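Novice: Just structure_28.pdb, nothing more (PDB, C-alpha atoms):
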```
ATOM      1  CA  MET A1326     -30.465  -2.505 216.523
ATOM      2  CA  SER A1327     -33.901  -1.181 215.578
ATOM      3  CA  VAL A1328     -33.054  -1.051 211.861
ATOM      4  CA  THR A1329     -31.692  -4.620 211.869
ATOM      5  CA  THR A1330     -34.696  -5.952 213.773
ATOM      6  CA  GLY A1331     -37.083  -4.251 211.379
ATOM      7  CA  THR A1332     -35.313  -5.741 208.385
ATOM      8  CA  LYS A1333     -35.461  -9.230 209.871
ATOM      9  CA  SER A1334     -39.147  -8.763 210.650
ATOM     10  CA  GLU A1335     -39.915  -7.650 207.101
ATOM     11  CA  SER A1336     -37.860 -10.529 205.699
ATOM     12  CA  GLY A1337     -39.724 -13.045 207.890
ATOM     13  CA  LEU A1338     -43.084 -11.632 206.811
ATOM     14  CA  GLY A1339     -42.102 -11.776 203.153
ATOM     15  CA  GLU A1340     -40.985 -15.382 203.517
ATOM     16  CA  THR A1341     -44.293 -16.298 205.166
ATOM     17  CA  ILE A1342     -46.239 -14.676 202.341
ATOM     18  CA  ARG A1343     -44.155 -16.527 199.741
ATOM     19  CA  VAL A1344     -44.752 -19.857 201.514
ATOM     20  CA  ILE A1345     -48.499 -19.204 201.597
ATOM     21  CA  ILE A1346     -48.570 -18.267 197.904
ATOM     22  CA  HIS A1347     -46.569 -21.356 196.956
ATOM     23  CA  ALA A1348     -48.876 -23.566 199.020
ATOM     24  CA  LEU A1349     -51.948 -22.075 197.347
ATOM     25  CA  LEU A1350     -50.440 -22.564 193.886
ATOM     26  CA  ILE A1351     -49.576 -26.193 194.661
ATOM     27  CA  ALA A1352     -53.115 -26.782 195.986
ATOM     28  CA  LEU A1353     -54.559 -25.170 192.847
ATOM     29  CA  VAL A1354     -52.453 -27.383 190.564
ATOM     30  CA  ILE A1355     -53.431 -30.526 192.503
ATOM     31  CA  ARG A1356     -57.121 -29.602 192.462
ATOM     32  CA  THR A1357     -57.102 -28.724 188.762
ATOM     33  CA  PHE A1358     -55.005 -31.526 187.311
ATOM     34  CA  LEU A1359     -54.853 -34.362 189.853
ATOM     35  CA  PHE A1360     -57.458 -34.767 192.593
ATOM     36  CA  GLN A1361     -60.461 -32.837 193.874
ATOM     37  CA  PRO A1362     -62.384 -33.652 197.066
ATOM     38  CA  PHE A1363     -66.169 -34.075 197.000
ATOM     39  CA  ASN A1364     -68.730 -35.119 199.586
ATOM     40  CA  ILE A1365     -71.912 -37.134 199.135
ATOM     41  CA  PRO A1366     -75.056 -35.163 200.107
ATOM     42  CA  SER A1367     -77.763 -37.605 198.930
ATOM     43  CA  GLY A1368     -78.566 -41.309 198.948
ATOM     44  CA  SER A1369     -78.807 -41.900 195.185
ATOM     45  CA  MET A1370     -75.641 -44.048 195.157
ATOM     46  CA  LYS A1371     -76.420 -46.166 198.236
ATOM     47  CA  ALA A1372     -75.154 -48.681 199.158
ATOM     48  CA  THR A1373     -71.930 -47.957 197.226
ATOM     49  CA  LEU A1374     -71.654 -44.390 198.510
ATOM     50  CA  LEU A1375     -73.347 -43.125 201.653
ATOM     51  CA  VAL A1376     -74.435 -39.684 202.762
ATOM     52  CA  GLY A1377     -71.466 -38.275 204.669
ATOM     53  CA  ASP A1378     -68.778 -39.946 202.546
ATOM     54  CA  TYR A1379     -65.907 -37.682 201.478
ATOM     55  CA  LEU A1380     -63.955 -38.862 198.467
ATOM     56  CA  PHE A1381     -61.175 -37.952 196.083
ATOM     57  CA  VAL A1382     -62.012 -37.659 192.378
ATOM     58  CA  SER A1383     -59.189 -38.044 189.870
ATOM     59  CA  LYS A1384     -59.229 -35.176 187.371
ATOM     60  CA  TYR A1385     -56.772 -36.789 184.958
ATOM     61  CA  SER A1386     -58.716 -40.010 184.276
ATOM     62  CA  TYR A1387     -60.630 -38.691 181.258
ATOM     63  CA  GLY A1388     -58.659 -35.591 180.311
ATOM     64  CA  TYR A1389     -59.665 -31.996 180.948
ATOM     65  CA  SER A1390     -62.385 -29.581 179.908
ATOM     66  CA  HIS A1391     -63.156 -26.074 181.134
ATOM     67  CA  TYR A1392     -65.140 -27.715 183.950
ATOM     68  CA  SER A1393     -61.843 -29.050 185.306
ATOM     69  CA  ILE A1394     -60.719 -25.518 186.154
ATOM     70  CA  PRO A1395     -61.953 -23.800 189.350
ATOM     71  CA  PHE A1396     -64.949 -21.539 188.617
ATOM     72  CA  SER A1397     -65.164 -23.176 185.130
ATOM     73  CA  PRO A1398     -63.956 -20.259 182.973
ATOM     74  CA  ASN A1399     -64.654 -20.907 179.312
ATOM     75  CA  LEU A1400     -60.979 -21.211 178.364
ATOM     76  CA  LEU A1401     -61.145 -24.619 176.675
ATOM     77  CA  SER A1402     -63.307 -25.932 173.882
ATOM     78  CA  GLY A1403     -64.160 -29.612 174.092
ATOM     79  CA  ARG A1404     -61.738 -31.862 175.942
ATOM     80  CA  ILE A1405     -57.947 -32.270 175.854
ATOM     81  CA  PHE A1406     -56.055 -35.497 176.588
ATOM     82  CA  GLY A1407     -59.495 -37.116 176.534
ATOM     83  CA  SER A1408     -60.032 -40.774 177.356
ATOM     84  CA  GLU A1409     -63.597 -42.100 177.437
ATOM     85  CA  PRO A1410     -64.913 -43.699 180.640
ATOM     86  CA  ASN A1411     -65.811 -47.375 180.799
ATOM     87  CA  ARG A1412     -69.121 -48.916 181.786
ATOM     88  CA  GLY A1413     -69.290 -49.162 185.557
ATOM     89  CA  ASP A1414     -67.074 -46.161 186.319
ATOM     90  CA  ILE A1415     -68.450 -43.793 188.956
ATOM     91  CA  LEU A1416     -68.161 -40.213 187.727
ATOM     92  CA  VAL A1417     -68.651 -36.702 188.985
ATOM     93  CA  PHE A1418     -70.099 -34.495 186.254
ATOM     94  CA  ARG A1419     -71.793 -31.158 185.765
ATOM     95  CA  LEU A1420     -75.528 -31.378 185.319
ATOM     96  CA  PRO A1421     -76.312 -30.581 181.653
ATOM     97  CA  ARG A1422     -79.308 -28.356 182.425
ATOM     98  CA  ASP A1423     -77.497 -26.531 185.269
ATOM     99  CA  ASP A1424     -73.727 -26.587 184.913
ATOM    100  CA  SER A1425     -73.229 -25.102 188.368
ATOM    101  CA  THR A1426     -74.405 -28.371 189.970
ATOM    102  CA  ASP A1427     -72.225 -31.451 190.464
ATOM    103  CA  TYR A1428     -73.760 -34.931 190.242
ATOM    104  CA  ILE A1429     -72.227 -38.340 190.901
ATOM    105  CA  LYS A1430     -73.541 -41.480 189.155
ATOM    106  CA  ARG A1431     -72.368 -44.695 187.509
ATOM    107  CA  VAL A1432     -71.755 -45.008 183.752
ATOM    108  CA  ILE A1433     -74.241 -47.491 182.299
ATOM    109  CA  GLY A1434     -74.466 -46.521 178.637
ATOM    110  CA  LEU A1435     -71.782 -45.521 176.136
ATOM    111  CA  PRO A1436     -72.310 -43.554 172.908
ATOM    112  CA  GLY A1437     -74.576 -45.525 170.569
ATOM    113  CA  ASP A1438     -75.886 -47.882 173.270
ATOM    114  CA  ARG A1439     -79.578 -48.645 173.693
ATOM    115  CA  ILE A1440     -80.607 -48.603 177.347
ATOM    116  CA  GLU A1441     -83.919 -49.806 178.773
ATOM    117  CA  VAL A1442     -85.371 -50.938 182.092
ATOM    118  CA  ARG A1443     -88.056 -53.645 182.022
ATOM    119  CA  ASN A1444     -89.729 -54.726 185.245
ATOM    120  CA  GLY A1445     -86.741 -53.384 187.176
ATOM    121  CA  LEU A1446     -84.191 -55.292 185.082
ATOM    122  CA  LEU A1447     -81.596 -53.309 183.143
ATOM    123  CA  TYR A1448     -81.121 -54.027 179.432
ATOM    124  CA  ILE A1449     -78.138 -52.870 177.375
ATOM    125  CA  ASN A1450     -78.443 -53.231 173.609
ATOM    126  CA  ASP A1451     -81.482 -55.501 174.031
ATOM    127  CA  LYS A1452     -79.655 -57.913 176.346
ATOM    128  CA  PRO A1453     -80.523 -58.209 180.065
ATOM    129  CA  VAL A1454     -77.721 -57.370 182.473
ATOM    130  CA  GLU A1455     -76.783 -60.306 184.696
ATOM    131  CA  ARG A1456     -78.309 -59.857 188.139
ATOM    132  CA  GLU A1457     -77.916 -61.891 191.329
ATOM    133  CA  ARG A1458     -79.997 -61.492 194.501
ATOM    134  CA  LEU A1459     -78.020 -60.720 197.654
ATOM    135  CA  SER A1460     -79.056 -60.457 201.293
ATOM    136  CA  ASP A1461     -81.282 -57.487 202.115
ATOM    137  CA  PHE A1462     -79.715 -54.121 202.830
ATOM    138  CA  ILE A1463     -80.606 -52.742 206.280
ATOM    139  CA  GLY A1464     -79.929 -49.275 207.628
ATOM    140  CA  GLU A1465     -78.866 -45.873 206.258
ATOM    141  CA  ASP A1466     -82.494 -45.210 205.205
ATOM    142  CA  PRO A1467     -81.985 -45.818 201.447
ATOM    143  CA  CYS A1468     -85.645 -45.286 200.562
ATOM    144  CA  GLY A1469     -86.170 -42.191 202.683
ATOM    145  CA  SER A1470     -88.974 -43.647 204.782
ATOM    146  CA  ASP A1471     -87.704 -46.071 207.430
ATOM    147  CA  ALA A1472     -84.111 -46.158 208.699
ATOM    148  CA  THR A1473     -84.462 -49.816 209.714
ATOM    149  CA  ALA A1474     -86.337 -51.085 206.633
ATOM    150  CA  ARG A1475     -85.090 -54.151 204.763
ATOM    151  CA  VAL A1476     -84.378 -53.294 201.122
ATOM    152  CA  LYS A1477     -83.788 -55.697 198.261
ATOM    153  CA  ARG A1478     -80.168 -55.752 197.170
ATOM    154  CA  TRP A1479     -78.794 -57.058 193.883
ATOM    155  CA  LYS A1480     -75.396 -57.668 192.325
ATOM    156  CA  GLU A1481     -75.324 -56.458 188.732
ATOM    157  CA  THR A1482     -72.590 -57.431 186.287
ATOM    158  CA  LEU A1483     -72.180 -55.317 183.164
ATOM    159  CA  PRO A1484     -71.104 -56.748 179.781
ATOM    160  CA  ASN A1485     -67.487 -55.701 180.446
ATOM    161  CA  GLY A1486     -67.403 -57.704 183.705
ATOM    162  CA  VAL A1487     -67.753 -54.813 186.165
ATOM    163  CA  SER A1488     -69.906 -55.803 189.164
ATOM    164  CA  TYR A1489     -71.537 -53.629 191.815
ATOM    165  CA  GLU A1490     -74.528 -53.602 194.153
ATOM    166  CA  THR A1491     -77.866 -51.930 193.551
ATOM    167  CA  LEU A1492     -80.852 -51.351 195.821
ATOM    168  CA  ASP A1493     -84.512 -51.861 194.919
ATOM    169  CA  CYS A1494     -86.922 -50.015 197.204
ATOM    170  CA  THR A1495     -90.121 -51.099 195.450
ATOM    171  CA  ASP A1496     -91.031 -53.911 193.051
ATOM    172  CA  ASN A1497     -92.823 -51.608 190.631
ATOM    173  CA  GLY A1498     -91.049 -48.294 190.946
ATOM    174  CA  TYR A1499     -91.672 -45.201 188.840
ATOM    175  CA  MET A1500     -88.712 -45.955 186.553
ATOM    176  CA  ASP A1501     -88.828 -49.773 186.643
ATOM    177  CA  ASN A1502     -90.228 -49.685 183.100
ATOM    178  CA  THR A1503     -88.813 -47.110 180.706
ATOM    179  CA  ILE A1504     -88.590 -46.193 177.071
ATOM    180  CA  VAL A1505     -85.578 -47.298 175.035
ATOM    181  CA  TYR A1506     -82.879 -44.643 175.356
ATOM    182  CA  THR A1507     -80.380 -44.350 172.493
ATOM    183  CA  VAL A1508     -77.232 -42.621 173.747
ATOM    184  CA  PRO A1509     -76.112 -39.868 171.320
ATOM    185  CA  PRO A1510     -72.512 -39.589 170.085
ATOM    186  CA  GLY A1511     -70.237 -37.901 172.619
ATOM    187  CA  HIS A1512     -72.651 -38.566 175.512
ATOM    188  CA  PHE A1513     -73.063 -41.090 178.327
ATOM    189  CA  PHE A1514     -76.003 -42.628 180.173
ATOM    190  CA  MET A1515     -75.695 -42.410 183.955
ATOM    191  CA  MET A1516     -77.651 -44.211 186.688
ATOM    192  CA  GLY A1517     -77.579 -44.263 190.478
ATOM    193  CA  ASP A1518     -77.126 -47.540 192.338
ATOM    194  CA  ASN A1519     -80.163 -46.753 194.512
ATOM    195  CA  ARG A1520     -82.439 -47.307 191.530
ATOM    196  CA  ASP A1521     -85.779 -46.165 192.960
ATOM    197  CA  ASN A1522     -84.270 -43.122 194.651
ATOM    198  CA  SER A1523     -82.041 -41.622 191.965
ATOM    199  CA  THR A1524     -82.653 -38.783 189.518
ATOM    200  CA  ASP A1525     -80.394 -39.750 186.630
ATOM    201  CA  SER A1526     -80.284 -40.115 182.838
ATOM    202  CA  ARG A1527     -83.633 -41.908 182.838
ATOM    203  CA  PHE A1528     -85.168 -38.485 183.535
ATOM    204  CA  LEU A1529     -84.451 -36.752 180.241
ATOM    205  CA  THR A1530     -85.693 -33.300 181.243
ATOM    206  CA  GLN A1531     -83.823 -33.284 184.560
ATOM    207  CA  VAL A1532     -80.521 -35.034 183.793
ATOM    208  CA  GLY A1533     -80.648 -36.837 180.457
ATOM    209  CA  TYR A1534     -77.584 -37.793 178.456
ATOM    210  CA  VAL A1535     -74.337 -36.390 179.870
ATOM    211  CA  PRO A1536     -71.906 -34.755 177.408
ATOM    212  CA  PHE A1537     -68.298 -35.943 177.583
ATOM    213  CA  GLU A1538     -67.298 -32.317 178.164
ATOM    214  CA  ASN A1539     -69.312 -32.185 181.416
ATOM    215  CA  ILE A1540     -67.352 -34.988 183.103
ATOM    216  CA  ILE A1541     -65.106 -33.753 185.927
ATOM    217  CA  GLY A1542     -63.440 -36.983 186.977
ATOM    218  CA  ARG A1543     -63.639 -40.487 188.389
ATOM    219  CA  ALA A1544     -64.420 -41.304 192.031
ATOM    220  CA  GLN A1545     -61.362 -43.074 193.430
ATOM    221  CA  MET A1546     -61.186 -43.299 197.222
ATOM    222  CA  ILE A1547     -63.201 -42.459 200.342
ATOM    223  CA  PHE A1548     -60.868 -40.541 202.633
ATOM    224  CA  PHE A1549     -63.410 -39.653 205.331
ATOM    225  CA  SER A1550     -66.924 -40.747 206.248
ATOM    226  CA  ILE A1551     -69.268 -39.558 208.953
ATOM    227  CA  ALA A1552     -72.757 -40.784 209.839
ATOM    228  CA  GLU A1553     -75.710 -39.183 208.124
ATOM    229  CA  GLY A1554     -76.955 -36.168 210.065
ATOM    230  CA  GLU A1555     -73.583 -35.538 211.714
ATOM    231  CA  HIS A1556     -71.255 -32.630 210.887
ATOM    232  CA  ALA A1557     -67.615 -33.209 209.988
ATOM    233  CA  TRP A1558     -66.489 -30.077 211.842
ATOM    234  CA  MET A1559     -67.750 -31.480 215.165
ATOM    235  CA  PHE A1560     -64.490 -33.322 215.774
ATOM    236  CA  TRP A1561     -65.399 -34.120 219.371
ATOM    237  CA  ARG A1562     -68.075 -36.492 218.029
ATOM    238  CA  TRP A1563     -65.720 -38.323 215.686
ATOM    239  CA  PRO A1564     -65.098 -41.338 217.965
ATOM    240  CA  PHE A1565     -68.787 -42.239 217.696
ATOM    241  CA  ALA A1566     -69.885 -40.628 214.408
ATOM    242  CA  VAL A1567     -67.054 -41.497 212.004
ATOM    243  CA  ARG A1568     -67.527 -44.639 209.920
ATOM    244  CA  TRP A1569     -63.986 -45.836 210.562
ATOM    245  CA  HIS A1570     -64.370 -48.953 208.412
ATOM    246  CA  ARG A1571     -65.004 -46.847 205.287
ATOM    247  CA  LEU A1572     -61.888 -44.686 205.544
ATOM    248  CA  PHE A1573     -59.388 -45.112 202.680
ATOM    249  CA  THR A1574     -61.567 -47.606 200.818
ATOM    250  CA  ILE A1575     -61.447 -47.719 197.014
ATOM    251  CA  VAL A1576     -64.654 -46.733 195.205
ATOM    252  CA  ARG A1577     -65.907 -49.446 192.846
TER     253      ARG A1577
END
```
Show me this structure written as structure tokens.
Specialist:
Amino acid sequence: MSVTTGTKSESGLGETIRVIIHALLIALVIRTFLFQPFNIPSGSMKATLLVGDYLFVSKYSYGYSHYSIPFSPNLLSGRIFGSEPNRGDILVFRLPRDDSTDYIKRVIGLPGDRIEVRNGLLYINDKPVERERLSDFIGEDPCGSDATARVKRWKETLPNGVSYETLDCTDNGYMDNTIVYTVPPGHFFMMGDNRDNSTDSRFLTQVGYVPFENIIGRAQMIFFSIAEGEHAWMFWRWPFAVRWHRLFTIVR
């Protein structure tokens, strides 16, 4: 009896270990090749993405580089199965000057493009981007000063027809008038939708042009969202803190 029981116990333990290992391998494959979860810690993409949004990023959209692999071991050179992003895509990428930091921004400029901002209006290859005034944005403290402030909101439409909303905290912001940026080959120009509160490619020494190799994937869907200042692990506050209307929405 004791020998049989011991054998069954060891067999059950071994099976449990195998199940755990298989589950970890499946999770690793999904995270490396399919989808990786990220959360939004700052307001640079408001009102498209809010602080407290949790989203899935597709790893396969633009192929794979060594940044696609957990811990980013230098096993790949360049990018395999690469497919360039389009203007308007929202990407997660590794910061060029610090490749341990993930950033999320919108693709504005492709290789060879000339990008400029004049009086707050975006120009691509010397042509102004179509812009339409919308009702003011209120709430979520997009400018970092007053949670109830009214902020100018615009609808921008890129040359390829992609439309999205941007916020304008001030009429003459620090980066409302810029130099002309010429995007180098193999790089992309990224901007946040919260234009006066985003450190992006306009700041050449802090972000600058993003190499194709540094792109991790494309933001696809918000799977969870909790109010700014709340903690996701406090599940007892979910009925009041979760932004239920944002769950399972597609990122555009």
Novice: Would you work out the distance separating atom CA of A:Phe1462 from atom CA of A:Thr1373, expressed in Å to one decimal?
Specialist: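 Computed distance, atom CA of A:Phe1462 to atom CA of A:Thr1373, equals 11.4 Å.
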Novice: Once the PyMOL selection byres ((chain A and resi 1521) around 12) is applied to the coordinates I shared, what remains selected? I want it as a PyMOL selection string.
Specialist: chain A and resi 1368-1371+1442+1445+1467-1469+1476-1478+1491-1502+1516-1520+1522-1525+1527
Novice: Mind dumping the selected residues with C-alpha atoms as a PDB file, in the frame of the given file?
Specialist:
```
ATOM      1  CA  GLY A1368     -78.566 -41.309 198.948  1.00  0.00           C
ATOM      2  CA  SER A1369     -78.807 -41.900 195.185  1.00  0.00           C
ATOM      3  CA  MET A1370     -75.641 -44.048 195.157  1.00  0.00           C
ATOM      4  CA  LYS A1371     -76.420 -46.166 198.236  1.00  0.00           C
ATOM      5  CA  VAL A1442     -85.371 -50.938 182.092  1.00  0.00           C
ATOM      6  CA  GLY A1445     -86.741 -53.384 187.176  1.00  0.00           C
ATOM      7  CA  PRO A1467     -81.985 -45.818 201.447  1.00  0.00           C
ATOM      8  CA  CYS A1468     -85.645 -45.286 200.562  1.00  0.00           C
ATOM      9  CA  GLY A1469     -86.170 -42.191 202.683  1.00  0.00           C
ATOM     10  CA  VAL A1476     -84.378 -53.294 201.122  1.00  0.00           C
ATOM     11  CA  LYS A1477     -83.788 -55.697 198.261  1.00  0.00           C
ATOM     12  CA  ARG A1478     -80.168 -55.752 197.170  1.00  0.00           C
ATOM     13  CA  THR A1491     -77.866 -51.930 193.551  1.00  0.00           C
ATOM     14  CA  LEU A1492     -80.852 -51.351 195.821  1.00  0.00           C
ATOM     15  CA  ASP A1493     -84.512 -51.861 194.919  1.00  0.00           C
ATOM     16  CA  CYS A1494     -86.922 -50.015 197.204  1.00  0.00           C
ATOM     17  CA  THR A1495     -90.121 -51.099 195.450  1.00  0.00           C
ATOM     18  CA  ASP A1496     -91.031 -53.911 193.051  1.00  0.00           C
ATOM     19  CA  ASN A1497     -92.823 -51.608 190.631  1.00  0.00           C
ATOM     20  CA  GLY A1498     -91.049 -48.294 190.946  1.00  0.00           C
ATOM     21  CA  TYR A1499     -91.672 -45.201 188.840  1.00  0.00           C
ATOM     22  CA  MET A1500     -88.712 -45.955 186.553  1.00  0.00           C
ATOM     23  CA  ASP A1501     -88.828 -49.773 186.643  1.00  0.00           C
ATOM     24  CA  ASN A1502     -90.228 -49.685 183.100  1.00  0.00           C
ATOM     25  CA  MET A1516     -77.651 -44.211 186.688  1.00  0.00           C
ATOM     26  CA  GLY A1517     -77.579 -44.263 190.478  1.00  0.00           C
ATOM     27  CA  ASP A1518     -77.126 -47.540 192.338  1.00  0.00           C
ATOM     28  CA  ASN A1519     -80.163 -46.753 194.512  1.00  0.00           C
ATOM     29  CA  ARG A1520     -82.439 -47.307 191.530  1.00  0.00           C
ATOM     30  CA  ASN A1522     -84.270 -43.122 194.651  1.00  0.00           C
ATOM     31  CA  SER A1523     -82.041 -41.622 191.965  1.00  0.00           C
ATOM     32  CA  THR A1524     -82.653 -38.783 189.518  1.00  0.00           C
ATOM     33  CA  ASP A1525     -80.394 -39.750 186.630  1.00  0.00           C
ATOM     34  CA  ARG A1527     -83.633 -41.908 182.838  1.00  0.00           C
TER      35      ARG A1527
END
```
Novice: Between A:Phe1418, A:Phe1396, A:Phe1358, A:Tyr1385, single out the one closest to A:His1512, counting all atoms listed in the file.
Specialist: A:Phe1418
Novice: Can you measure atom CA of A:Ile1415 to atom CA of A:Thr1507 for me? One decimal in Å is fine.
Specialist: 20.3 Å
Novice: Which of these residues is nearest to A:Lys1480, using only C-alpha atoms: A:Ile1547, A:Val1454, A:Leu1572, A:Ala1557?
Specialist: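 Checking each candidate against A:Lys1480, we get A:Val1454 as the closest.
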Novice: Take atom CA of A:Phe1528 and atom CA of A:Pro1398 and report the distance between them in Å, one decimal.
Specialist: 28.0 Å
Novice: Give me the residues within 10 Å of A:Pro1510 as a PyMOL selection string, counting only C-alpha atoms and dropping any in the same chain fewer than 4 places off.
Specialist: chain A and resi 1435-1438+1534+1536-1537
Novice: Box along x, y and z, 5 Å on every side, all listed atoms of stretch 1348-1352 of chain A inside: centre and edge lengths in Å to one decimal, as AutoDock Vina command-line options.
Specialist:
```
--center_x -51.0 --center_y -24.4 --center_z 196.5 --size_x 14.2 --size_y 14.7 --size_z 15.1
```
Novice: So, counting only C-alpha atoms, which residue among A:Ala1566, A:Ile1433, A:Val1376, A:Met1546 is closest to A:Val1487?
Specialist: A:Ile1433
Novice: I need the residue set behind the PyMOL selection byres ((chain A and resi 1432) around 9) for this file; please write it as a VMD selection string.
Specialist: chain A and resid 1410 to 1416 1430 to 1431 1433 to 1435 1513 to 1517
